[in-house]
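So this one's query_23.tsv, TSV, C-alpha atoms and all ligand atoms:
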chain	number	residue	atom	x	y	z
D	1	MET	CA	104.43	-144.85	-5.69
D	2	ALA	CA	103.89	-144.37	-9.44
D	3	ARG	CA	106.52	-145.95	-11.63
D	4	VAL	CA	107.51	-144.15	-14.83
D	5	LEU	CA	109.49	-145.83	-17.60
D	6	ILE	CA	111.42	-143.64	-20.04
D	7	ALA	CA	111.77	-146.00	-23.00
D	8	THR	CA	113.64	-144.34	-25.83
D	9	GLU	CA	115.45	-146.53	-28.32
D	10	LYS	CA	116.89	-143.27	-29.66
D	11	PRO	CA	118.24	-141.79	-26.43
D	12	PHE	CA	117.54	-138.33	-25.05
D	13	SER	CA	120.56	-136.18	-24.18
D	14	ALA	CA	121.86	-136.61	-20.63
D	15	ASP	CA	120.63	-133.12	-19.79
D	16	ALA	CA	117.13	-133.97	-20.98
D	17	VAL	CA	117.07	-137.17	-18.91
D	18	ALA	CA	118.18	-135.16	-15.85
D	19	GLY	CA	115.37	-132.65	-16.50
D	20	VAL	CA	112.76	-135.39	-16.82
D	21	GLN	CA	114.08	-137.15	-13.74
D	22	LYS	CA	113.87	-133.92	-11.70
D	23	VAL	CA	110.18	-133.39	-12.52
D	24	LEU	CA	109.36	-137.00	-11.68
D	25	ASP	CA	111.52	-137.04	-8.51
D	26	GLU	CA	109.73	-133.94	-7.26
D	27	ALA	CA	106.42	-135.74	-7.75
D	28	GLY	CA	107.80	-138.63	-5.71
D	29	TYR	CA	107.72	-141.10	-8.59
D	30	ASP	CA	110.00	-144.01	-9.23
D	31	VAL	CA	111.84	-143.64	-12.57
D	32	GLU	CA	113.48	-146.21	-14.82
D	33	VAL	CA	115.43	-145.23	-17.91
D	34	LEU	CA	115.57	-147.70	-20.76
D	35	ALA	CA	117.60	-146.03	-23.50
D	36	LYS	CA	118.99	-147.62	-26.68
D	37	TYR	CA	117.50	-150.98	-25.78
D	38	PRO	CA	118.78	-153.82	-27.98
D	39	ASP	CA	115.44	-155.40	-28.87
D	40	ARG	CA	111.74	-155.47	-28.18
D	41	SER	CA	111.90	-158.24	-25.61
D	42	VAL	CA	113.71	-155.83	-23.27
D	43	LEU	CA	110.93	-153.28	-23.72
D	44	LEU	CA	108.23	-155.90	-23.16
D	45	LYS	CA	109.84	-156.87	-19.86
D	46	ALA	CA	110.47	-153.28	-18.73
D	47	VAL	CA	106.86	-152.13	-19.23
D	48	GLU	CA	105.46	-154.84	-16.95
D	49	ASN	CA	105.24	-152.66	-13.83
D	50	ALA	CA	105.06	-149.22	-15.41
D	51	ASP	CA	102.21	-146.87	-14.56
D	52	ALA	CA	103.38	-144.33	-17.11
D	53	LEU	CA	105.55	-144.42	-20.17
D	54	ILE	CA	107.57	-141.74	-21.97
D	55	ILE	CA	108.55	-142.71	-25.50
D	56	ARG	CA	109.81	-141.25	-28.79
D	57	SER	CA	109.32	-143.22	-32.03
D	58	ASP	CA	109.23	-146.46	-30.06
D	59	ILE	CA	106.49	-148.81	-31.27
D	60	ILE	CA	103.75	-149.19	-28.70
D	61	ASP	CA	101.45	-151.79	-30.19
D	62	ARG	CA	98.92	-154.17	-28.70
D	63	GLU	CA	101.64	-156.59	-27.59
D	64	VAL	CA	103.41	-153.90	-25.56
D	65	LEU	CA	100.12	-152.66	-24.13
D	66	ASP	CA	99.15	-156.23	-23.17
D	67	ALA	CA	102.47	-156.63	-21.37
D	68	ALA	CA	101.96	-153.37	-19.45
D	69	SER	CA	99.11	-154.33	-17.18
D	70	ASN	CA	99.48	-151.33	-14.81
D	71	LEU	CA	99.82	-148.74	-17.54
D	72	LYS	CA	97.65	-145.63	-17.31
D	73	ILE	CA	99.34	-143.18	-19.63
D	74	VAL	CA	101.79	-143.09	-22.56
D	75	VAL	CA	103.30	-139.76	-23.55
D	76	ARG	CA	105.01	-139.59	-26.91
D	77	ALA	CA	107.72	-136.95	-26.36
D	78	GLY	CA	107.25	-135.43	-29.79
D	79	ALA	CA	104.57	-134.68	-32.33
D	80	GLY	CA	103.70	-137.77	-34.39
D	81	TYR	CA	101.94	-140.62	-32.59
D	82	ASP	CA	101.56	-143.02	-35.51
D	83	ASN	CA	103.83	-145.39	-33.56
D	84	VAL	CA	101.17	-145.95	-30.90
D	85	ASP	CA	98.17	-148.24	-31.40
D	86	LEU	CA	95.52	-145.78	-30.26
D	87	GLU	CA	92.69	-148.25	-30.63
D	88	ALA	CA	94.34	-150.82	-28.39
D	89	ALA	CA	95.28	-148.12	-25.86
D	90	THR	CA	91.72	-146.82	-25.73
D	91	GLU	CA	90.35	-150.35	-25.29
D	92	LYS	CA	92.68	-150.80	-22.35
D	93	GLY	CA	91.81	-147.45	-20.82
D	94	VAL	CA	95.31	-146.09	-21.41
D	95	VAL	CA	95.54	-142.37	-22.14
D	96	VAL	CA	97.90	-141.38	-24.98
D	97	MET	CA	99.33	-137.87	-25.31
D	98	ASN	CA	101.91	-136.11	-27.45
D	99	THR	CA	103.88	-132.93	-26.71
D	100	PRO	CA	103.04	-130.70	-29.69
D	101	GLY	CA	105.48	-127.96	-30.59
D	102	GLN	CA	108.24	-129.03	-28.23
D	103	ASN	CA	110.68	-130.32	-30.84
D	104	SER	CA	109.44	-128.34	-33.85
D	105	ASN	CA	112.28	-125.86	-34.12
D	106	ALA	CA	114.86	-128.65	-34.36
D	107	VAL	CA	112.95	-130.33	-37.19
D	108	ALA	CA	112.47	-127.06	-39.07
D	109	GLU	CA	116.17	-126.21	-38.81
D	110	LEU	CA	117.12	-129.62	-40.20
D	111	ALA	CA	114.90	-129.07	-43.24
D	112	PHE	CA	116.99	-126.00	-44.11
D	113	GLY	CA	120.21	-127.75	-43.14
D	114	MET	CA	119.48	-130.36	-45.81
D	115	MET	CA	118.51	-127.74	-48.40
D	116	VAL	CA	121.69	-125.72	-47.92
D	117	TYR	CA	123.85	-128.86	-47.75
D	118	GLN	CA	122.45	-130.10	-51.05
D	119	ASN	CA	122.53	-126.69	-52.72
D	120	ARG	CA	126.20	-126.29	-51.78
D	121	ASN	CA	127.03	-129.63	-53.33
D	122	ARG	CA	127.23	-131.30	-49.93
D	123	LEU	CA	129.76	-128.79	-48.66
D	124	THR	CA	132.25	-129.25	-51.44
D	125	PRO	CA	133.77	-126.11	-52.98
D	126	SER	CA	132.16	-126.47	-56.43
D	127	THR	CA	129.62	-123.83	-57.48
D	128	GLY	CA	126.34	-124.20	-55.66
D	129	ARG	CA	122.92	-122.61	-55.57
D	130	GLU	CA	121.06	-120.23	-53.27
D	131	LEU	CA	117.61	-120.41	-51.73
D	132	ARG	CA	116.92	-116.69	-51.94
D	133	GLY	CA	114.17	-115.83	-54.40
D	134	CYS	CA	113.04	-119.46	-54.76
D	135	ARG	CA	109.49	-120.54	-53.91
D	136	LEU	CA	109.00	-122.72	-50.86
D	137	GLY	CA	105.77	-124.68	-50.40
D	138	ILE	CA	104.95	-125.86	-46.91
D	139	HIS	CA	102.70	-128.90	-46.92
D	140	ALA	CA	100.82	-128.66	-43.59
D	141	TYR	CA	101.09	-125.54	-41.51
D	142	GLY	CA	101.36	-126.89	-37.98
D	143	TYR	CA	104.08	-126.18	-35.44
D	144	VAL	CA	106.96	-127.24	-37.70
D	145	GLY	CA	105.46	-125.78	-40.86
D	146	ARG	CA	105.09	-122.39	-39.24
D	147	ILE	CA	108.74	-122.27	-38.21
D	148	VAL	CA	109.80	-123.46	-41.67
D	149	GLY	CA	107.85	-120.49	-43.05
D	150	MET	CA	109.64	-118.03	-40.76
D	151	ILE	CA	113.07	-119.42	-41.60
D	152	GLY	CA	112.22	-119.51	-45.31
D	153	LYS	CA	111.34	-115.85	-45.22
D	154	GLY	CA	114.65	-115.19	-43.47
D	155	PHE	CA	116.37	-116.82	-46.42
D	156	GLY	CA	114.46	-114.50	-48.76
D	157	MET	CA	112.29	-117.29	-50.16
D	158	ARG	CA	108.74	-116.73	-51.39
D	159	VAL	CA	106.70	-118.83	-49.00
D	160	TYR	CA	103.44	-120.69	-49.69
D	161	ALA	CA	101.47	-123.09	-47.53
D	162	TYR	CA	98.73	-125.63	-48.07
D	163	ASP	CA	96.78	-126.90	-45.06
D	164	PRO	CA	93.07	-127.63	-45.32
D	165	TYR	CA	92.78	-127.76	-41.51
D	166	ILE	CA	94.19	-124.29	-40.81
D	167	ASP	CA	92.26	-121.10	-41.38
D	168	ARG	CA	93.56	-119.05	-44.28
D	169	ILE	CA	93.76	-115.95	-42.04
D	170	ILE	CA	96.25	-117.65	-39.71
D	171	ILE	CA	98.53	-118.48	-42.62
D	172	GLU	CA	98.24	-115.10	-44.28
D	173	ASN	CA	98.79	-113.20	-41.03
D	174	ASP	CA	102.25	-114.79	-41.03
D	175	GLY	CA	102.95	-113.28	-44.44
D	176	VAL	CA	102.66	-116.69	-46.11
D	177	LYS	CA	100.56	-117.20	-49.25
D	178	CYS	CA	97.76	-119.67	-48.60
D	179	GLU	CA	96.99	-122.19	-51.35
D	180	GLN	CA	93.56	-123.82	-51.45
D	181	ARG	CA	94.74	-126.84	-53.44
D	182	ALA	CA	97.91	-128.86	-52.95
D	183	GLU	CA	98.22	-129.15	-56.75
D	184	ASP	CA	98.53	-125.39	-57.13
D	185	MET	CA	101.27	-125.17	-54.54
D	186	TYR	CA	103.27	-128.01	-56.08
D	187	ARG	CA	102.95	-126.36	-59.50
D	188	LYS	CA	104.48	-123.12	-58.21
D	189	CYS	CA	107.18	-124.18	-55.79
D	190	GLU	CA	110.70	-125.41	-56.54
D	191	TYR	CA	110.99	-126.49	-52.90
D	192	ILE	CA	108.30	-128.43	-51.06
D	193	SER	CA	108.75	-129.20	-47.37
D	194	LEU	CA	106.50	-131.91	-45.93
D	195	HIS	CA	105.01	-131.61	-42.45
D	196	ILE	CA	102.00	-133.90	-42.64
D	197	PRO	CA	101.46	-136.70	-40.14
D	198	ALA	CA	101.20	-140.33	-41.28
D	199	ASN	CA	97.57	-141.41	-41.08
D	200	THR	CA	94.94	-143.07	-43.26
D	201	GLU	CA	94.36	-139.84	-45.16
D	202	THR	CA	98.01	-139.03	-45.88
D	203	ARG	CA	99.73	-142.41	-46.42
D	204	GLY	CA	101.02	-142.54	-50.01
D	205	SER	CA	99.45	-139.13	-50.73
D	206	ILE	CA	102.64	-137.50	-52.02
D	207	ASN	CA	102.38	-139.16	-55.37
D	208	TYR	CA	103.48	-138.88	-58.98
D	209	ASP	CA	100.58	-136.62	-59.85
D	210	LEU	CA	101.67	-134.00	-57.30
D	211	LEU	CA	105.42	-134.33	-57.79
D	212	SER	CA	105.24	-134.17	-61.58
D	213	ARG	CA	103.67	-130.70	-61.31
D	214	MET	CA	106.75	-129.21	-59.65
D	215	PRO	CA	108.75	-126.71	-61.72
D	216	ALA	CA	112.34	-127.12	-62.93
D	217	GLY	CA	114.82	-127.64	-60.11
D	218	ALA	CA	112.20	-129.45	-58.01
D	219	THR	CA	113.34	-130.40	-54.51
D	220	LEU	CA	111.19	-132.40	-52.14
D	221	VAL	CA	112.22	-132.19	-48.47
D	222	ASN	CA	110.80	-134.73	-46.05
D	223	THR	CA	111.28	-134.34	-42.31
D	224	ALA	CA	107.86	-135.90	-41.66
D	225	ARG	CA	107.25	-139.62	-42.28
D	226	LYS	CA	108.36	-142.02	-45.01
D	227	GLU	CA	104.85	-143.48	-45.26
D	228	VAL	CA	103.38	-140.30	-46.77
D	229	ILE	CA	105.36	-140.86	-49.96
D	230	ASP	CA	104.06	-143.04	-52.78
D	231	GLU	CA	107.40	-144.71	-53.51
D	232	ALA	CA	106.42	-146.00	-56.96
D	233	GLY	CA	105.59	-142.41	-57.91
D	234	LEU	CA	108.86	-141.19	-56.42
D	235	LEU	CA	110.87	-143.71	-58.45
D	236	LYS	CA	108.97	-142.76	-61.59
D	237	ILE	CA	109.71	-139.07	-61.20
D	238	PHE	CA	113.40	-139.74	-60.54
D	239	ALA	CA	113.56	-141.82	-63.72
D	240	GLU	CA	111.79	-139.19	-65.81
D	241	ARG	CA	113.37	-135.97	-64.58
D	242	ASP	CA	117.05	-135.37	-64.06
D	243	ASP	CA	116.37	-132.17	-62.09
D	244	PHE	CA	114.28	-133.78	-59.35
D	245	ARG	CA	115.91	-134.01	-55.92
D	246	TYR	CA	114.73	-135.71	-52.74
D	247	LEU	CA	116.18	-134.80	-49.35
D	248	THR	CA	114.86	-136.81	-46.47
D	249	ASP	CA	115.25	-137.46	-42.77
D	250	VAL	CA	113.14	-140.61	-43.11
D	251	ALA	CA	114.71	-143.00	-45.62
D	252	PRO	CA	112.23	-144.71	-47.95
D	253	ASP	CA	112.00	-148.48	-48.43
D	254	CYS	CA	113.45	-147.93	-51.92
D	255	ALA	CA	116.53	-146.14	-50.50
D	256	ALA	CA	119.07	-148.61	-51.92
D	257	GLY	CA	117.86	-148.07	-55.50
D	258	LEU	CA	117.87	-144.29	-55.14
D	259	GLU	CA	121.36	-144.32	-53.63
D	260	GLU	CA	122.65	-146.47	-56.44
D	261	ASN	CA	121.00	-144.72	-59.38
D	262	TYR	CA	120.73	-141.09	-58.26
D	263	PRO	CA	123.43	-140.50	-55.64
D	264	ASP	CA	123.68	-136.77	-56.48
D	265	ARG	CA	119.95	-136.11	-56.29
D	266	TYR	CA	118.95	-138.24	-53.33
D	267	PHE	CA	120.10	-137.59	-49.79
D	268	ALA	CA	118.93	-139.27	-46.58
D	269	THR	CA	120.19	-138.77	-43.04
D	270	PRO	CA	121.67	-141.99	-41.60
D	271	LYS	CA	118.95	-142.15	-38.94
D	272	LYS	CA	115.94	-139.92	-38.31
D	273	MET	CA	117.49	-136.97	-36.50
D	274	GLY	CA	115.21	-133.97	-37.02
D	275	ALA	CA	114.30	-133.78	-33.34
D	276	GLN	CA	117.71	-134.86	-32.10
D	277	THR	CA	118.98	-131.67	-30.48
D	278	ALA	CA	119.70	-131.04	-26.82
D	279	GLU	CA	117.00	-128.37	-26.78
D	280	ALA	CA	114.30	-130.48	-28.41
D	281	ASN	CA	115.11	-133.49	-26.21
D	282	LYS	CA	114.79	-131.38	-23.09
D	283	ASN	CA	111.68	-129.49	-24.16
D	284	ALA	CA	109.81	-132.62	-25.25
D	285	GLY	CA	111.06	-134.84	-22.40
D	286	VAL	CA	110.27	-132.36	-19.64
D	287	ALA	CA	106.88	-131.55	-21.17
D	288	ALA	CA	106.10	-135.29	-21.23
D	289	ALA	CA	107.09	-135.66	-17.57
D	290	ARG	CA	104.93	-132.68	-16.56
D	291	GLN	CA	101.97	-134.04	-18.51
D	292	ILE	CA	102.30	-137.36	-16.68
D	293	VAL	CA	102.33	-135.63	-13.31
D	294	GLY	CA	99.37	-133.46	-14.33
D	295	PHE	CA	97.41	-136.50	-15.40
D	296	LEU	CA	98.22	-138.78	-12.47
D	297	GLU	CA	97.78	-136.05	-9.84
D	298	LYS	CA	94.93	-133.99	-11.28
D	299	GLY	CA	93.45	-135.95	-14.16
D	300	ASP	CA	94.59	-133.28	-16.65
D	301	THR	CA	94.07	-134.69	-20.14
D	302	THR	CA	95.35	-131.74	-22.19
D	303	PHE	CA	97.15	-133.12	-25.27
D	304	LYS	CA	95.29	-136.45	-25.10
D	305	VAL	CA	95.09	-137.89	-28.61
D	306	ASN	CA	92.87	-140.95	-28.06
T	1	LIG	C1	108.10	-136.29	-33.97
T	1	LIG	O1	107.09	-136.83	-34.43
T	1	LIG	O2	108.06	-135.60	-32.94
T	1	LIG	C2	109.39	-136.36	-34.72
T	1	LIG	O3	109.27	-137.15	-35.83
T	1	LIG	C3	110.57	-136.77	-33.84
T	1	LIG	O4	110.67	-138.14	-33.63
T	1	LIG	P1	111.79	-138.76	-32.67
T	1	LIG	O5	111.46	-138.43	-31.27
T	1	LIG	O6	111.76	-140.22	-32.95
T	1	LIG	O7	113.11	-138.17	-33.05

When written as structure tokens, how does the structure in this file appear?
Ligand code: 3PG
Amino acid sequence: MARVLIATEKPFSADAVAGVQKVLDEAGYDVEVLAKYPDRSVLLKAVENADALIIRSDIIDREVLDAASNLKIVVRAGAGYDNVDLEAATEKGVVVMNTPGQNSNAVAELAFGMMVYQNRNRLTPSTGRELRGCRLGIHAYGYVGRIVGMIGKGFGMRVYAYDPYIDRIIIENDGVKCEQRAEDMYRKCEYISLHIPANTETRGSINYDLLSRMPAGATLVNTARKEVIDEAGLLKIFAERDDFRYLTDVAPDCAAGLEENYPDRYFATPKKMGAQTAEANKNAGVAAARQIVGFLEKGDTTFKVN
């Protein structure tokens, strides 16, 4: 009987766990839930007999893979898989998948939640600002970026997108202006929403050069990854411009300095929570469970990323 470990330091909702359990029970699998585990040693022990693993942002590095000698598949219930050592997994013959699109709406809604919260002076009654009529630049037009575009249009924003991997026609069919160069989009848009993954190409790529092009009232919104920001550049722009604002769901390493020096222009959620809705948990968790069953029963490798 296959043994599936659901190892989520950041727990799924109870409803999502029940949904995952149902899919795996129906397949006749044995399920263990390891939520909110106190430290890595607990994870290392729990993976020992697992054939399959469902995770979120949990770090699956070589040490974890070495400890999991029966492991055949890891499914990251979510989009970004920068937390999994793909090279080590491939060496060990372990298939890695993600569940693209399943938590995107939650992340997109949070991006606007932060924009409105900041624009309304963090829900205090002093005079705030509106999004309508402002220009919104979407950096990477994947599942989340697309929904951000739709919501932005609902707010009456003028929406732009930059994504060198997506055909211009796809972007423009959505009524979004396609920019060929990131620089041009940053120059036009008061609001930039980041939806790029963290990889060798993107780490540190949101730098001073890009940010300094943004017009007056510049607001950078990050629901992606902290690693894509060049923090020295971010600190420089904060020091130079008193209109620059940074709203993030992924606190930077330099968070303490920003909190101390620019408390009105810097906002970070207490813990990454973009995908933390009942709906996203269930969609991503159940999709992960189904992908495991599909792989173990039929060898289906759709959504394999290694
Ligand atoms: C993702 O990559 O899917 C999001 O960043 C959500 O991550 P989480 O599952 O850790 O909340």

Subject >> Distance criterion (all atoms listed in the file): nearest to D:Gln118 out of D:Gly137, D:Asp61, D:Lys153, D:Glu130 >> reply: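 Of the candidates, the smallest distance to D:Gln118 is held by D:Glu130.
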
**OP:** Considering all atoms listed in the file, state which residue in the set D:Leu123, D:Ile151, D:Val42, D:Leu86 is at the smallest distance from D:Ile60.
**Re:** D:Leu86

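With atom CA of D:Ile166 on one side and atom CA of D:Val144 on the other, the separation reads 13.5 Å.
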
Original post:
Once you count only C-alpha atoms and all ligand atoms, which residues end up within 6 Å of ligand LIG 1 (chain T), and could you hand them over as a PyMOL selection string?
Top reply: chain D and resi 56-57+78-80+273+275-276

**OP:** In Å, rounded to a single decimal, give me how far atom CA of D:Val94 is from atom CA of D:Leu65.
**Re:** 8.6 Å

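You will find atom CA of D:Arg40 at 27.5 Å from atom CA of D:Gly204.
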